[in-house]
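Colleague: Structure provided below as structure tokens; questions to follow.
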Amino acid sequence: MKDRFTEAIYKSKRTVFKLKDIGMLTNNRNADNLKASVNYYVSRGVVSRVRKGVYVKDPYQPEELAGRIYSPSYISLETVLVKAGVIFQYSSAITAVSYLSRTIVVDDIEISYNKIKNSIIVDGRGTISENNINMATPERAFIDRLYLSKNYYFDNILTATGERLLAGAGSISHAHAVEKAKTEYVKYQARTLSDVEK
């Protein structure tokens, strides 16, 4: 039985599991049996319990952990904006949007959840799911931050889209630059904002 359990856990591409995930992987549907089995493998070091009902295999991805504790949620805000170079204030906390606002510490990892409307959370536009991590694009993180804090300061706003808006700066007139910025902003809004946000 240990071999099947260990094999099922380590064959999975996930690094973070809830009890029901382990039940599906090991084909164990009996709740009492499953709990006893998982407790046995926790004591043997096959998986670690980091929070009630949340287990990880070593090594695990902290961003995947943040996305699995409260669902639906996705990594956004400062975590994404720092990686994209839009803000420079580094924080070791993982920031996410979810259906609730709460800051927790799990396995020495600070995770800050920020409440946002459910209709926005489940709208997949502007989010990417890779390696079992749901993460906002820089544009979506930018919009999420504005939604939550309309007066937030962004250090380097032009990198939010990853495009060079003013290519050829210095060789165009001010009026042309302003027009180009307005045109690009309208395109950006059409691409990223939902009908409700417009």
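Going by the structure tokens order, chains are called A, B, ..., each with residues numbered from 1, while ligands are numbered from 1 in the order shown.
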Set the distance at 9 Å and use only C-alpha atoms: which residues neighbour Leu25 of chain A once local chain neighbours fewer than 4 positions away are removed? I'd like the list as number ranges by chain.
Modeller: A: 5, 8-9, 12, 20-21
Colleague: Write a file of the just-selected residues containing N, CA and C atoms, as a JSON list (two decimals), in the first residue's frame.
Modeller:
[["chain", "number", "residue", "atom", "x", "y", "z"],
["A", 5, "PHE", "N", 0.68, 4.51, -2.62],
["A", 5, "PHE", "CA", 0.45, 5.86, -2.12],
["A", 5, "PHE", "C", 1.59, 6.77, -2.55],
["A", 8, "ALA", "N", 1.65, 7.33, -6.28],
["A", 8, "ALA", "CA", 0.58, 8.22, -6.74],
["A", 8, "ALA", "C", 0.91, 9.68, -6.41],
["A", 9, "ILE", "N", 1.45, 9.93, -5.23],
["A", 9, "ILE", "CA", 1.78, 11.30, -4.82],
["A", 9, "ILE", "C", 2.91, 11.85, -5.69],
["A", 12, "SER", "N", 2.20, 12.63, -9.42],
["A", 12, "SER", "CA", 1.35, 13.80, -9.64],
["A", 12, "SER", "C", 2.20, 15.03, -9.89],
["A", 20, "LYS", "N", -9.15, 15.49, -0.25],
["A", 20, "LYS", "CA", -9.93, 14.91, -1.35],
["A", 20, "LYS", "C", -9.05, 14.62, -2.57],
["A", 21, "ASP", "N", -8.01, 15.44, -2.81],
["A", 21, "ASP", "CA", -7.09, 15.20, -3.92],
["A", 21, "ASP", "C", -6.35, 13.88, -3.72]]
Colleague: Using only C-alpha atoms, tabulate the residues of segment 96-152 of chain A lying at most 12 Å from any atom of segment 36-53 of chain A, each with its closest atom pair and that distance in Å to one decimal, by chain and increasing residue number, as a Markdown table.
Modeller:
| residue | atom | partner | partner_atom | distance |
| --- | --- | --- | --- | --- |
| A:Ile104 | CA | A:Arg51 | CA | 10.6 |
| A:Val105 | CA | A:Arg51 | CA | 9.8 |
| A:Val106 | CA | A:Val50 | CA | 6.4 |
| A:Asp107 | CA | A:Val50 | CA | 6.0 |
| A:Asp108 | CA | A:Val50 | CA | 9.8 |
| A:Ile109 | CA | A:Val50 | CA | 10.5 |
Colleague: Next, write the just-selected residues to a file, as a PDB file, in the first residue's frame, keeping N, CA and C atoms as the atom set.
Modeller:
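Result file is out18.pdb:
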ATOM      1  N   ILE A 104      -2.413  35.075   6.438  1.00  0.00           N
ATOM      2  CA  ILE A 104      -2.076  33.880   7.214  1.00  0.00           C
ATOM      3  C   ILE A 104      -0.594  33.570   7.034  1.00  0.00           C
ATOM      4  N   VAL A 105      -0.063  32.789   7.936  1.00  0.00           N
ATOM      5  CA  VAL A 105       1.303  32.291   7.815  1.00  0.00           C
ATOM      6  C   VAL A 105       1.217  30.777   7.834  1.00  0.00           C
ATOM      7  N   VAL A 106       1.730  30.156   6.782  1.00  0.00           N
ATOM      8  CA  VAL A 106       1.723  28.704   6.659  1.00  0.00           C
ATOM      9  C   VAL A 106       3.141  28.262   6.333  1.00  0.00           C
ATOM     10  N   ASP A 107       3.695  27.412   7.172  1.00  0.00           N
ATOM     11  CA  ASP A 107       5.047  26.892   6.958  1.00  0.00           C
ATOM     12  C   ASP A 107       6.044  28.038   6.757  1.00  0.00           C
ATOM     13  N   ASP A 108       5.924  29.086   7.577  1.00  0.00           N
ATOM     14  CA  ASP A 108       6.777  30.288   7.535  1.00  0.00           C
ATOM     15  C   ASP A 108       6.605  31.117   6.266  1.00  0.00           C
ATOM     16  N   ILE A 109       5.517  30.921   5.546  1.00  0.00           N
ATOM     17  CA  ILE A 109       5.223  31.697   4.336  1.00  0.00           C
ATOM     18  C   ILE A 109       4.007  32.577   4.627  1.00  0.00           C
TER      19      ILE A 109
END
Colleague: Return as number ranges by chain the full set of residues in chain A whose backbone-based DSSP assignment is strand (DSSP E).
Modeller: A: 16-18, 48-51, 54-56, 73-75, 94-98, 102-106, 109-115, 127-130, 133-136
Colleague: Using only C-alpha atoms, determine which residues lie at most 10 Å from Asp144 of chain A, disregarding the query and same-chain residues fewer than 6 positions distant; provide the list as a ChimeraX atom specification.
Modeller: /A:76-77,96-97,114,116,120-121,136,138,150
Colleague: From the set A:Ser71, A:Ser119, A:Ser112, A:Thr95, which residue has the shortest atom-to-atom contact distance to Lys18 of chain A, counting only C-alpha atoms?
Modeller: A:Ser71
Colleague: Which residues are close to Gly124 of chain A, i.e. within 12 Å by only C-alpha atoms, leaving aside same-chain residues fewer than 4 positions away? Reply as JSON, numbers by chain.
Modeller: {"A": [72, 73, 74, 118, 119, 120, 128, 129, 134, 135, 136, 137, 140, 192, 193, 194]}
Colleague: So, with only C-alpha atoms as the atoms that count, which of A:Thr6, A:Ser98, A:Ser149, A:Asn156 lies closest to Arg68 of chain A?
Modeller: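 Closest to Arg68 of chain A of all the choices is A:Ser98.
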Colleague: When distances are computed from only C-alpha atoms, which of A:Leu81, A:Val86, A:Val16, A:Val122 shows the smallest separation from Tyr99 of chain A?
Modeller: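 When distances to Tyr99 of chain A are compared using only C-alpha atoms, the smallest one comes from A:Val122.
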Colleague: For Asn33 of chain A, please output as a list in words all residues within 12 Å (counting only C-alpha atoms; exclusion window: fewer than 6 positions along the same chain).
Modeller: Leu19, Ile22, Gly23, Thr26, Asn27, Asn39 and Tyr40 of chain A
Colleague: Give the alpha helix (DSSP H) residues of segment 28-169 of chain A, as assigned by DSSP on the backbone, as a PyMOL selection string.
Modeller: chain A and resi 31-43+62-69+77-84+118-121+138-148
Colleague: For the selection just defined, write its residues with C-alpha atoms to a file, as a short mmCIF file (atom, residue, chain, number, x, y, z; two decimals), in the first residue's frame.
Modeller:
data_model
loop_
_atom_site.label_atom_id
_atom_site.label_comp_id
_atom_site.auth_asym_id
_atom_site.auth_seq_id
_atom_site.Cartn_x
_atom_site.Cartn_y
_atom_site.Cartn_z
CA ALA A 31 -13.03 9.10 4.63
CA ASP A 32 -11.88 7.35 7.83
CA ASN A 33 -9.56 5.02 5.93
CA LEU A 34 -8.15 7.95 3.95
CA LYS A 35 -7.43 10.04 7.07
CA ALA A 36 -5.68 7.12 8.75
CA SER A 37 -3.67 6.41 5.62
CA VAL A 38 -2.60 10.04 5.17
CA ASN A 39 -1.65 10.32 8.87
CA TYR A 40 0.51 7.21 8.47
CA TYR A 41 2.34 8.69 5.48
CA VAL A 42 2.75 12.03 7.24
CA SER A 43 4.48 10.18 10.09
CA PRO A 62 4.62 28.33 -2.25
CA GLU A 63 2.47 29.98 -4.95
CA GLU A 64 0.62 26.70 -5.49
CA LEU A 65 0.06 26.47 -1.73
CA ALA A 66 -1.38 30.00 -1.67
CA GLY A 67 -3.79 29.14 -4.48
CA ARG A 68 -4.98 25.91 -2.85
CA ILE A 69 -5.75 27.09 0.69
CA LEU A 77 -1.25 42.31 -6.85
CA GLU A 78 2.24 43.00 -5.44
CA THR A 79 3.61 39.49 -6.11
CA VAL A 80 2.96 39.86 -9.84
CA LEU A 81 3.66 43.59 -10.06
CA VAL A 82 7.12 43.25 -8.45
CA LYS A 83 8.03 40.41 -10.85
CA ALA A 84 6.90 42.56 -13.78
CA ASN A 118 -16.71 36.69 -6.95
CA SER A 119 -17.67 37.60 -10.52
CA ILE A 120 -14.20 39.09 -11.02
CA ILE A 121 -12.37 36.17 -9.39
CA PRO A 138 0.76 42.06 -15.04
CA GLU A 139 -2.19 43.86 -16.67
CA ARG A 140 -4.72 41.95 -14.56
CA ALA A 141 -2.68 42.51 -11.37
CA PHE A 142 -2.57 46.22 -12.22
CA ILE A 143 -6.37 46.33 -12.62
CA ASP A 144 -6.87 44.27 -9.44
CA ARG A 145 -4.71 46.70 -7.46
CA LEU A 146 -6.59 49.72 -8.88
CA TYR A 147 -9.90 48.00 -8.04
CA LEU A 148 -8.78 47.55 -4.43
#
Colleague: Tell me, in Å to one decimal, how far atom CA of Glu184 of chain A is from atom CA of Tyr152 of chain A.
Modeller: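 Interatomic distance here is 21.4 Å.
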